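This is start-v7.txt (compact mmCIF, C-alpha atoms).
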```
# COMPACT_ATOMS: atom_id res chain seq x y z
CA MET A 1 16.96 -0.98 -80.09
CA ILE A 2 17.17 0.05 -76.44
CA ASN A 3 18.65 -3.31 -75.71
CA VAL A 4 21.37 -2.75 -78.31
CA LEU A 5 22.25 0.61 -76.83
CA TYR A 6 22.25 -0.79 -73.35
CA ASN A 7 24.75 -3.50 -74.28
CA PHE A 8 27.04 -1.11 -76.06
CA GLN A 9 30.65 -1.51 -75.01
CA THR A 10 33.51 0.76 -75.99
CA MET A 11 36.72 -0.77 -77.32
CA GLU A 12 38.37 0.08 -74.01
CA ASP A 13 35.71 -1.87 -72.09
CA LYS A 14 36.18 -4.85 -74.37
CA LEU A 15 39.95 -4.76 -74.03
CA LEU A 16 39.72 -4.53 -70.23
CA GLU A 17 37.34 -7.46 -70.11
CA PHE A 18 39.60 -9.45 -72.44
CA GLU A 19 42.71 -8.75 -70.39
CA ASP A 20 40.88 -9.56 -67.15
CA LYS A 21 39.89 -12.91 -68.56
CA ILE A 22 43.51 -13.68 -69.41
CA LYS A 23 44.69 -12.49 -66.01
CA ARG A 24 42.24 -14.90 -64.37
CA GLY A 25 43.89 -17.73 -66.33
CA GLU A 26 40.90 -18.21 -68.62
CA PHE A 27 41.04 -19.12 -72.29
CA ILE A 28 39.89 -17.28 -75.39
CA GLU A 29 37.75 -19.25 -77.83
CA ALA A 30 37.55 -18.75 -81.60
CA ASP A 31 34.28 -16.78 -81.50
CA ASP A 32 35.25 -14.54 -78.56
CA TRP A 33 36.12 -10.92 -79.08
CA MET A 34 39.88 -10.34 -79.21
CA PRO A 35 42.06 -7.33 -80.01
CA ASP A 36 43.35 -7.22 -83.60
CA GLU A 37 46.92 -7.21 -82.33
CA TYR A 38 46.32 -10.40 -80.32
CA ARG A 39 44.85 -12.10 -83.37
CA LYS A 40 47.74 -10.89 -85.52
CA GLN A 41 50.38 -12.16 -83.11
CA LEU A 42 48.61 -15.51 -82.70
CA ILE A 43 48.32 -16.00 -86.46
CA ARG A 44 52.02 -15.25 -86.89
CA LEU A 45 53.01 -17.69 -84.14
CA ILE A 46 50.65 -20.53 -85.04
CA LYS A 47 51.24 -20.28 -88.79
CA MET A 48 54.98 -20.45 -88.19
CA HIS A 49 54.40 -23.52 -86.03
CA ALA A 50 52.28 -25.23 -88.70
CA ASN A 51 54.87 -24.48 -91.40
CA SER A 52 57.58 -25.86 -89.13
CA GLU A 53 55.79 -29.16 -88.55
CA LEU A 54 55.41 -29.60 -92.29
CA MET A 55 58.97 -28.55 -93.16
CA GLY A 56 60.26 -30.59 -90.22
CA ALA A 57 58.93 -33.74 -91.85
CA LEU A 58 61.32 -33.22 -94.79
CA PRO A 59 64.81 -33.73 -93.25
CA GLU A 60 63.58 -36.92 -91.58
CA GLY A 61 61.51 -38.00 -94.57
CA GLU A 62 64.69 -37.94 -96.65
CA TRP A 63 65.96 -40.77 -94.44
CA ILE A 64 63.01 -43.14 -94.76
CA PRO A 65 64.46 -44.96 -97.81
CA LYS A 66 67.88 -45.10 -96.16
CA ALA A 67 66.88 -46.23 -92.65
CA PRO A 68 69.27 -48.97 -91.45
CA SER A 69 66.64 -51.62 -90.71
CA ILE A 70 62.98 -52.37 -91.28
CA LYS A 71 62.21 -51.56 -87.66
CA ARG A 72 63.94 -48.18 -87.93
CA LYS A 73 62.10 -47.49 -91.16
CA LEU A 74 58.71 -48.22 -89.59
CA GLN A 75 59.47 -46.03 -86.59
CA LEU A 76 60.58 -43.19 -88.82
CA VAL A 77 57.54 -43.47 -91.09
CA SER A 78 55.36 -43.32 -88.00
CA LYS A 79 57.13 -40.20 -86.71
CA VAL A 80 56.97 -38.41 -90.06
CA GLN A 81 53.27 -39.24 -90.29
CA ASP A 82 52.76 -37.72 -86.85
CA GLU A 83 54.57 -34.52 -87.83
CA VAL A 84 52.53 -34.04 -90.99
CA GLY A 85 49.41 -34.73 -88.91
CA HIS A 86 50.47 -31.97 -86.50
CA ALA A 87 50.76 -29.57 -89.42
CA GLN A 88 47.21 -30.48 -90.51
CA MET A 89 45.79 -29.88 -87.03
CA ILE A 90 47.62 -26.59 -86.58
CA TYR A 91 46.78 -25.20 -90.04
CA ARG A 92 43.13 -25.85 -89.12
CA VAL A 93 43.49 -23.61 -86.05
CA VAL A 94 44.97 -20.83 -88.21
CA GLU A 95 42.19 -21.16 -90.80
CA ASP A 96 39.53 -20.54 -88.12
CA LEU A 97 41.49 -17.69 -86.63
CA SER A 98 42.50 -15.87 -89.78
CA GLY A 99 40.17 -16.84 -92.61
CA ILE A 100 43.30 -17.62 -94.66
CA SER A 101 43.00 -20.94 -96.48
CA ARG A 102 45.54 -23.72 -96.13
CA GLU A 103 46.32 -23.47 -99.82
CA GLU A 104 47.20 -19.78 -99.44
CA MET A 105 49.45 -20.60 -96.52
CA LEU A 106 51.22 -23.34 -98.46
CA GLU A 107 51.69 -21.00 -101.41
CA GLU A 108 53.16 -18.37 -99.12
CA LEU A 109 55.49 -20.99 -97.65
CA ILE A 110 56.71 -22.11 -101.07
CA SER A 111 57.27 -18.52 -102.18
CA GLY A 112 59.90 -18.21 -99.43
CA LYS A 113 58.06 -15.35 -97.67
CA ALA A 114 56.86 -17.41 -94.71
CA LYS A 115 58.95 -18.43 -91.71
CA PHE A 116 59.65 -21.85 -90.30
CA HIS A 117 61.85 -22.96 -87.42
CA ASN A 118 65.60 -22.47 -87.84
CA VAL A 119 66.48 -26.13 -87.24
CA PHE A 120 64.72 -27.22 -90.43
CA HIS A 121 67.02 -25.11 -92.60
CA TYR A 122 69.92 -27.51 -91.95
CA PRO A 123 70.90 -30.74 -93.70
CA ALA A 124 70.44 -34.15 -92.08
CA GLU A 125 73.73 -35.55 -93.28
CA ASN A 126 73.74 -39.03 -91.82
CA TRP A 127 71.85 -41.41 -89.54
CA ALA A 128 73.31 -39.82 -86.41
CA ASP A 129 71.62 -36.58 -87.46
CA VAL A 130 68.30 -38.41 -87.52
CA ALA A 131 68.99 -39.60 -83.97
CA ILE A 132 69.99 -36.14 -82.72
CA ILE A 133 66.97 -34.51 -84.40
CA ALA A 134 64.50 -36.98 -82.88
CA TRP A 135 65.98 -36.73 -79.40
CA LEU A 136 67.36 -33.24 -79.00
CA VAL A 137 65.38 -31.18 -81.53
CA ASP A 138 62.12 -32.83 -80.53
CA GLY A 139 63.21 -32.38 -76.92
CA ALA A 140 63.56 -28.65 -77.54
CA ALA A 141 60.18 -28.57 -79.29
CA LEU A 142 58.62 -30.33 -76.31
CA VAL A 143 59.88 -27.57 -73.99
CA THR A 144 58.34 -24.82 -76.13
CA GLN A 145 55.15 -26.73 -76.94
CA GLY A 146 54.71 -27.90 -73.36
CA ALA A 147 54.63 -24.24 -72.35
CA LEU A 148 52.08 -23.53 -75.08
CA THR A 149 49.55 -25.95 -73.57
CA GLN A 150 48.90 -22.97 -71.26
CA CYS A 151 48.54 -20.49 -74.13
CA SER A 152 45.51 -18.22 -73.69
CA TYR A 153 44.01 -19.25 -77.03
CA GLY A 154 41.90 -22.33 -76.22
CA PRO A 155 41.85 -24.16 -79.59
CA TYR A 156 45.66 -23.94 -79.85
CA ALA A 157 46.25 -24.91 -76.21
CA ARG A 158 44.04 -27.99 -76.55
CA ILE A 159 45.61 -29.24 -79.76
CA MET A 160 49.02 -28.69 -78.18
CA LYS A 161 48.20 -31.25 -75.48
CA ARG A 162 47.54 -33.89 -78.09
CA ILE A 163 50.69 -32.94 -80.02
CA CYS A 164 52.88 -33.02 -76.90
CA TRP A 165 51.70 -36.53 -76.16
CA GLU A 166 52.90 -37.68 -79.59
CA GLU A 167 56.12 -35.68 -79.32
CA SER A 168 56.93 -37.39 -76.03
CA VAL A 169 56.95 -40.73 -77.88
CA HIS A 170 59.24 -39.26 -80.56
CA LEU A 171 61.59 -38.17 -77.84
CA LYS A 172 61.90 -41.68 -76.47
CA TYR A 173 62.40 -43.06 -79.96
CA GLY A 174 65.12 -40.46 -80.57
CA GLU A 175 66.77 -41.33 -77.28
CA GLU A 176 66.79 -44.99 -78.28
CA LEU A 177 68.57 -44.13 -81.54
CA VAL A 178 71.13 -42.01 -79.71
CA LEU A 179 71.74 -44.63 -77.04
CA GLU A 180 72.19 -47.32 -79.66
CA LEU A 181 74.89 -45.29 -81.40
CA ALA A 182 76.49 -44.28 -78.08
CA ASN A 183 76.63 -47.94 -77.13
CA GLY A 184 78.10 -48.93 -80.49
CA THR A 185 81.48 -48.92 -82.23
CA LYS A 186 84.07 -46.15 -82.09
CA LYS A 187 82.94 -45.03 -85.54
CA GLN A 188 79.32 -44.83 -84.41
CA ARG A 189 80.28 -42.77 -81.36
CA GLU A 190 82.28 -40.41 -83.56
CA MET A 191 79.33 -40.01 -85.91
CA LEU A 192 77.11 -39.15 -82.98
CA GLN A 193 79.56 -36.60 -81.57
CA ASP A 194 79.94 -35.02 -85.02
CA ALA A 195 76.16 -34.70 -85.38
CA LEU A 196 75.89 -33.16 -81.92
CA ASN A 197 78.64 -30.67 -82.82
CA ARG A 198 76.67 -29.52 -85.85
CA TRP A 199 73.27 -29.45 -84.16
CA TRP A 200 74.07 -27.93 -80.77
CA PHE A 201 74.06 -24.27 -81.75
CA PRO A 202 70.98 -24.46 -84.00
CA ILE A 203 69.21 -26.09 -81.02
CA MET A 204 70.30 -23.25 -78.75
CA HIS A 205 68.93 -20.78 -81.34
CA PHE A 206 65.65 -22.69 -81.53
CA PHE A 207 64.40 -20.99 -78.34
CA GLY A 208 64.84 -17.56 -79.93
CA PRO A 209 67.20 -14.63 -79.22
CA PRO A 210 68.14 -13.65 -75.64
CA ASP A 211 65.36 -11.89 -73.73
CA GLU A 212 67.00 -8.46 -73.90
CA GLU A 213 66.90 -8.70 -77.71
CA SER A 214 63.31 -9.93 -77.86
CA PRO A 215 61.22 -6.75 -77.61
CA ASN A 216 57.82 -8.40 -78.20
CA THR A 217 58.16 -10.81 -75.29
CA GLN A 218 56.57 -8.54 -72.64
CA GLN A 219 53.37 -7.93 -74.59
CA ALA A 220 53.14 -11.59 -75.63
CA MET A 221 53.58 -12.71 -72.01
CA LYS A 222 50.92 -10.26 -70.83
CA TRP A 223 48.43 -11.84 -73.23
CA ARG A 224 49.72 -15.37 -72.51
CA ILE A 225 50.62 -15.92 -76.16
CA LYS A 226 54.00 -16.72 -74.70
CA ILE A 227 54.22 -18.49 -71.36
CA LYS A 228 57.94 -18.49 -70.71
CA THR A 229 60.66 -16.22 -72.05
CA ASN A 230 63.24 -17.53 -74.54
CA ASP A 231 65.94 -17.59 -71.89
CA GLU A 232 63.71 -19.40 -69.40
CA MET A 233 63.01 -22.12 -71.94
CA ARG A 234 66.70 -22.38 -72.90
CA GLN A 235 67.58 -22.79 -69.21
CA GLU A 236 64.90 -25.43 -68.73
CA TYR A 237 66.35 -27.35 -71.68
CA LEU A 238 69.97 -27.08 -70.53
CA LYS A 239 69.04 -28.15 -67.03
CA ARG A 240 67.34 -31.26 -68.33
CA TYR A 241 69.54 -32.33 -71.23
CA VAL A 242 73.13 -31.35 -70.42
CA PRO A 243 73.45 -34.05 -67.71
CA LEU A 244 71.78 -36.67 -69.96
CA ILE A 245 74.14 -35.85 -72.84
CA LYS A 246 77.28 -35.86 -70.71
CA GLU A 247 76.29 -39.07 -68.96
CA ILE A 248 76.64 -41.06 -72.18
CA GLY A 249 80.13 -39.73 -72.88
CA LEU A 250 79.26 -37.01 -75.39
CA GLU A 251 80.87 -33.60 -75.30
CA ILE A 252 78.89 -30.41 -75.75
CA PRO A 253 80.69 -28.29 -78.37
CA ASP A 254 80.46 -25.09 -76.30
CA PRO A 255 83.70 -25.04 -74.25
CA ASP A 256 82.46 -22.15 -72.10
CA LEU A 257 79.18 -23.79 -71.08
CA HIS A 258 79.09 -24.17 -67.30
CA TYR A 259 76.70 -24.23 -64.40
CA ASP A 260 76.81 -21.20 -62.16
CA GLU A 261 76.03 -22.31 -58.60
CA LYS A 262 75.35 -18.78 -57.43
CA SER A 263 72.60 -17.93 -59.90
CA GLY A 264 71.52 -21.54 -60.39
CA LYS A 265 71.80 -21.03 -64.15
CA TRP A 266 73.71 -22.46 -67.07
CA ILE A 267 76.04 -19.91 -68.62
CA THR A 268 76.69 -20.41 -72.33
CA GLY A 269 79.64 -19.25 -74.42
CA ASN A 270 79.33 -17.51 -77.78
CA LEU A 271 76.17 -18.88 -79.39
CA HIS A 272 76.95 -17.49 -82.89
CA TRP A 273 73.71 -15.53 -83.29
CA ASP A 274 74.81 -14.22 -86.71
CA GLU A 275 74.00 -17.61 -88.12
CA PHE A 276 70.50 -17.44 -86.62
CA LYS A 277 69.89 -14.03 -88.19
CA LYS A 278 70.80 -15.38 -91.63
CA ILE A 279 68.30 -18.22 -91.19
CA LEU A 280 65.60 -15.77 -90.09
CA ASN A 281 65.92 -14.28 -93.58
CA ASN A 282 65.33 -17.73 -95.07
CA ASP A 283 68.99 -17.99 -96.02
CA GLY A 284 70.06 -21.30 -94.46
CA PRO A 285 72.16 -24.07 -95.98
CA LYS A 286 69.11 -26.14 -96.99
CA THR A 287 66.35 -23.51 -97.20
CA LYS A 288 66.12 -23.38 -100.99
CA ALA A 289 66.33 -27.13 -101.54
CA ARG A 290 63.65 -27.88 -98.93
CA LEU A 291 61.29 -25.23 -100.30
CA LEU A 292 61.76 -26.66 -103.78
CA LEU A 293 60.93 -30.09 -102.43
CA ARG A 294 57.84 -28.69 -100.72
CA GLU A 295 56.84 -27.05 -104.01
CA HIS A 296 57.34 -30.36 -105.80
CA TYR A 297 54.97 -32.14 -103.36
CA PHE A 298 52.51 -29.24 -103.54
CA LYS A 299 52.32 -29.53 -107.33
CA LYS A 300 52.22 -33.30 -107.28
CA THR A 301 49.21 -33.28 -104.94
CA SER A 302 47.29 -30.50 -106.73
CA ILE A 303 45.13 -33.10 -108.50
CA ILE A 304 44.01 -34.46 -105.11
CA ARG A 305 43.15 -30.98 -103.88
CA SER A 306 41.15 -30.26 -107.00
CA LEU A 307 39.27 -33.54 -106.64
CA LEU A 308 38.43 -32.72 -103.03
CA ALA A 309 37.42 -29.13 -103.70
CA MET B 310 10.27 -36.96 -82.25
CA LYS B 311 13.96 -36.69 -82.91
CA ILE B 312 17.00 -37.46 -80.84
CA PHE B 313 19.53 -34.73 -80.19
CA GLU B 314 23.04 -35.27 -78.83
CA VAL B 315 24.24 -32.66 -76.38
CA PHE B 316 27.85 -31.58 -75.93
CA ALA B 317 29.11 -28.99 -73.48
CA ARG B 318 32.24 -27.17 -72.47
CA ARG B 319 32.21 -27.02 -68.69
CA GLU B 320 35.81 -26.14 -67.99
CA ILE B 321 37.39 -22.90 -69.15
CA GLY B 322 39.68 -23.84 -72.01
CA GLY B 323 38.59 -27.47 -71.80
CA PRO B 324 37.31 -29.62 -74.67
CA MET B 325 33.68 -30.04 -75.72
CA VAL B 326 32.46 -33.22 -74.00
CA HIS B 327 29.45 -35.33 -74.82
CA ILE B 328 26.95 -35.18 -71.95
CA SER B 329 23.89 -37.08 -73.08
CA SER B 330 21.07 -37.08 -75.56
CA LEU B 331 17.50 -35.90 -75.42
CA LYS B 332 14.25 -36.34 -77.32
CA ALA B 333 12.46 -33.38 -78.82
CA PRO B 334 10.17 -32.68 -81.76
CA ASP B 335 12.41 -29.94 -83.18
CA ILE B 336 15.64 -28.05 -82.58
CA GLU B 337 13.95 -25.13 -80.78
CA THR B 338 12.48 -27.48 -78.18
CA ALA B 339 15.78 -29.36 -78.00
CA ILE B 340 17.56 -26.13 -77.07
CA ILE B 341 15.07 -25.40 -74.28
CA LEU B 342 15.31 -28.98 -72.97
CA ALA B 343 19.11 -28.97 -73.11
CA LYS B 344 19.27 -25.72 -71.19
CA GLU B 345 16.83 -27.02 -68.58
CA THR B 346 18.27 -30.49 -68.29
CA PHE B 347 21.99 -29.88 -68.44
CA GLY B 348 22.49 -26.16 -67.94
CA ARG B 349 20.40 -25.23 -64.95
CA ARG B 350 23.32 -25.09 -62.55
CA GLY B 351 25.03 -22.45 -64.63
CA ASP B 352 28.14 -24.56 -65.04
CA VAL B 353 28.02 -24.81 -68.83
CA LEU B 354 30.15 -22.36 -70.78
CA GLU B 355 29.20 -23.55 -74.24
CA PHE B 356 26.63 -25.94 -75.72
CA TRP B 357 26.53 -27.92 -78.95
CA ILE B 358 23.22 -29.51 -79.77
CA ILE B 359 23.18 -31.79 -82.80
CA ASP B 360 20.45 -33.82 -84.46
CA ARG B 361 21.66 -37.41 -84.14
CA GLU B 362 20.91 -38.01 -87.81
CA HIS B 363 23.58 -35.50 -88.70
CA ILE B 364 26.29 -37.30 -86.80
CA LEU B 365 28.46 -39.74 -88.68
CA SER B 366 29.56 -42.64 -86.53
CA ASN B 367 31.20 -45.98 -87.05
CA LYS B 368 27.79 -47.32 -87.96
CA ASP B 369 28.34 -45.40 -91.19
CA PHE B 370 31.97 -46.40 -91.72
CA ASP B 371 34.53 -48.88 -90.41
CA ILE B 372 36.04 -48.08 -87.05
CA PRO B 373 39.84 -47.85 -87.17
CA SER B 374 40.82 -51.34 -86.13
CA GLY B 375 44.41 -50.49 -85.31
CA PRO B 376 47.35 -51.51 -87.40
CA ILE B 377 47.34 -54.81 -89.31
CA ILE B 378 50.92 -55.40 -88.26
CA PRO B 379 51.69 -54.51 -84.62
CA LYS B 380 53.18 -51.05 -84.10
CA PRO B 381 54.18 -50.97 -80.46
CA TYR B 382 56.81 -48.30 -81.23
CA ARG B 383 53.99 -45.77 -81.44
CA LEU B 384 53.62 -45.92 -77.66
CA GLY B 385 55.96 -44.71 -74.96
CA ASP B 386 56.07 -48.03 -73.10
CA TYR B 387 58.02 -49.56 -75.94
CA TYR B 388 61.04 -47.45 -75.00
CA ARG B 389 61.41 -48.65 -71.42
CA ARG B 390 64.64 -50.37 -72.43
CA ASN B 391 66.26 -46.92 -72.88
CA LEU B 392 66.97 -46.91 -69.13
CA LYS B 393 68.86 -50.19 -69.38
CA LEU B 394 70.81 -48.99 -72.42
CA ARG B 395 71.80 -45.84 -70.57
CA GLU B 396 73.06 -47.84 -67.59
CA GLU B 397 75.02 -50.10 -69.93
CA ILE B 398 76.75 -47.10 -71.52
CA LYS B 399 77.50 -45.57 -68.13
CA SER B 400 79.11 -48.74 -66.81
CA LYS B 401 81.18 -49.06 -70.02
CA LEU B 402 82.37 -45.49 -69.65
CA SER B 403 83.37 -45.93 -66.02
CA LYS B 404 85.68 -48.83 -66.87
```
Using structure tokens, write down the structure from this file.
Amino acid sequence: MINVLYNFQTMEDKLLEFEDKIKRGEFIEADDWMPDEYRKQLIRLIKMHANSELMGALPEGEWIPKAPSIKRKLQLVSKVQDEVGHAQMIYRVVEDLSGISREEMLEELISGKAKFHNVFHYPAENWADVAIIAWLVDGAALVTQGALTQCSYGPYARIMKRICWEESVHLKYGEELVLELANGTKKQREMLQDALNRWWFPIMHFFGPPDEESPNTQQAMKWRIKIKTNDEMRQEYLKRYVPLIKEIGLEIPDPDLHYDEKSGKWITGNLHWDEFKKILNNDGPKTKARLLLREHYFKKTSIIRSLLA
Amino acid sequence: MKIFEVFARREIGGPMVHISSLKAPDIETAIILAKETFGRRGDVLEFWIIDREHILSNKDFDIPSGPIIPKPYRLGDYYRRNLKLREEIKSKLSK
């Protein structure tokens, strides 16, 4: 009894200790004490990530039967398998953290109440879209997920290392697809440019709204739930990919995009944030169709779940 | 006597890593031995101690043998030719 009293810590003590740990660059493990708000924010972030991996498999999965060669089909199958695998690993992290079952999360996703990344609300109209998704969307994901390998929550940070390794292969595969089209006929180059025109702004939105419109960033950075701000990640992406895109003769559909020598930053034109806000409300061009497809798979596999239960 | 496998997390945020195994009559003794043998320098943040009989290994099932047909495109090395393709496009564009 005395021992219990002696070890008694107030909430303030616990919070101070927790924040000190994070300040020292340490990691929080599943069984460690954490503030409710930290847990809440982590669950929101990681659940959204898991949903996105699963939903992200759909636009590419649609192209498996239509891949232009057996080699391209095998590569695509392999990538889609990886993405679904990522969803499995990440849902596991959320289950431990929240006590919410995977089934509940999938049901929430199907109901249209859950969020998933904006880029997966758009159609993949032709093969050039598949190329742009694998190179430039996965490239964007690698910037955000690379940062998350330093996230303060240990189980998530560790799984992110594994995921980034696989994503880096996807990126090279995507680049190969893009280079093949860029090196092809006039028609193929036009297809590629058209896909880039449609995907550029959704990719810019992928990093989230500008920092001044992202009120939760400060708190999330303090707790290392977020490592870099949205604008920092967008800059990192532009710095890396704009030269690579231009080098192969493609044009970026933002006429005002330019590099400012003085600040050392890329300045973008109008990024059409209204479109992003619509998607945030699950009102994108393909949202309904993809959720219906997800529901279809969910129902189709219910027999397997009941056999495993 | 039973054999226990010992895993530890030594690095903050790092993975659980297998250290070694030890022999003990029961789990209580195994815990003491693990602490003494592997934890006495105070560099272990977390321990897992598992009765070897409870571990499933490839003695119990087939080890993944890798793909039946080769799948080199699952590895980054396969895409080394991207560099060449890029150069080809650049030289075409400069003409």
Test item: chain B residues at most 8 Å from chain A, counting all atoms listed in the file, as an MDAnalysis selection string: chainID B and resid 321:324 382:385 388 391 394:395 397:399 402
Coordinates-based distance that separates CA of Trp199 in chain A from CA of Glu261 in chain A (Å, one decimal):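 Computing the Euclidean distance for CA of Glu261 in chain A and CA of Trp199 in chain A yields 26.7 Å.
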Atom pair CA of Met34 in chain A / CA of Met325 in chain B: separation (Å): 20.9 Å
Residue among B:Phe370, B:Trp357, B:Tyr387, B:Phe313 lying closest to Ile336 in chain B, counting only C-alpha atoms: B:Phe313
CA of His363 in chain B to CA of Val315 in chain B, distance in Å rounded to a single decimal: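 So the two atoms, CA of His363 in chain B and CA of Val315 in chain B, lie 12.7 Å apart.
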Using all atoms listed in the file: which of A:Ile90, A:Met160, A:Ile245, A:Leu109 has the shortest distance to Trp135 in chain A: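 Ranked by minimum distance to Trp135 in chain A, first place goes to A:Ile245.
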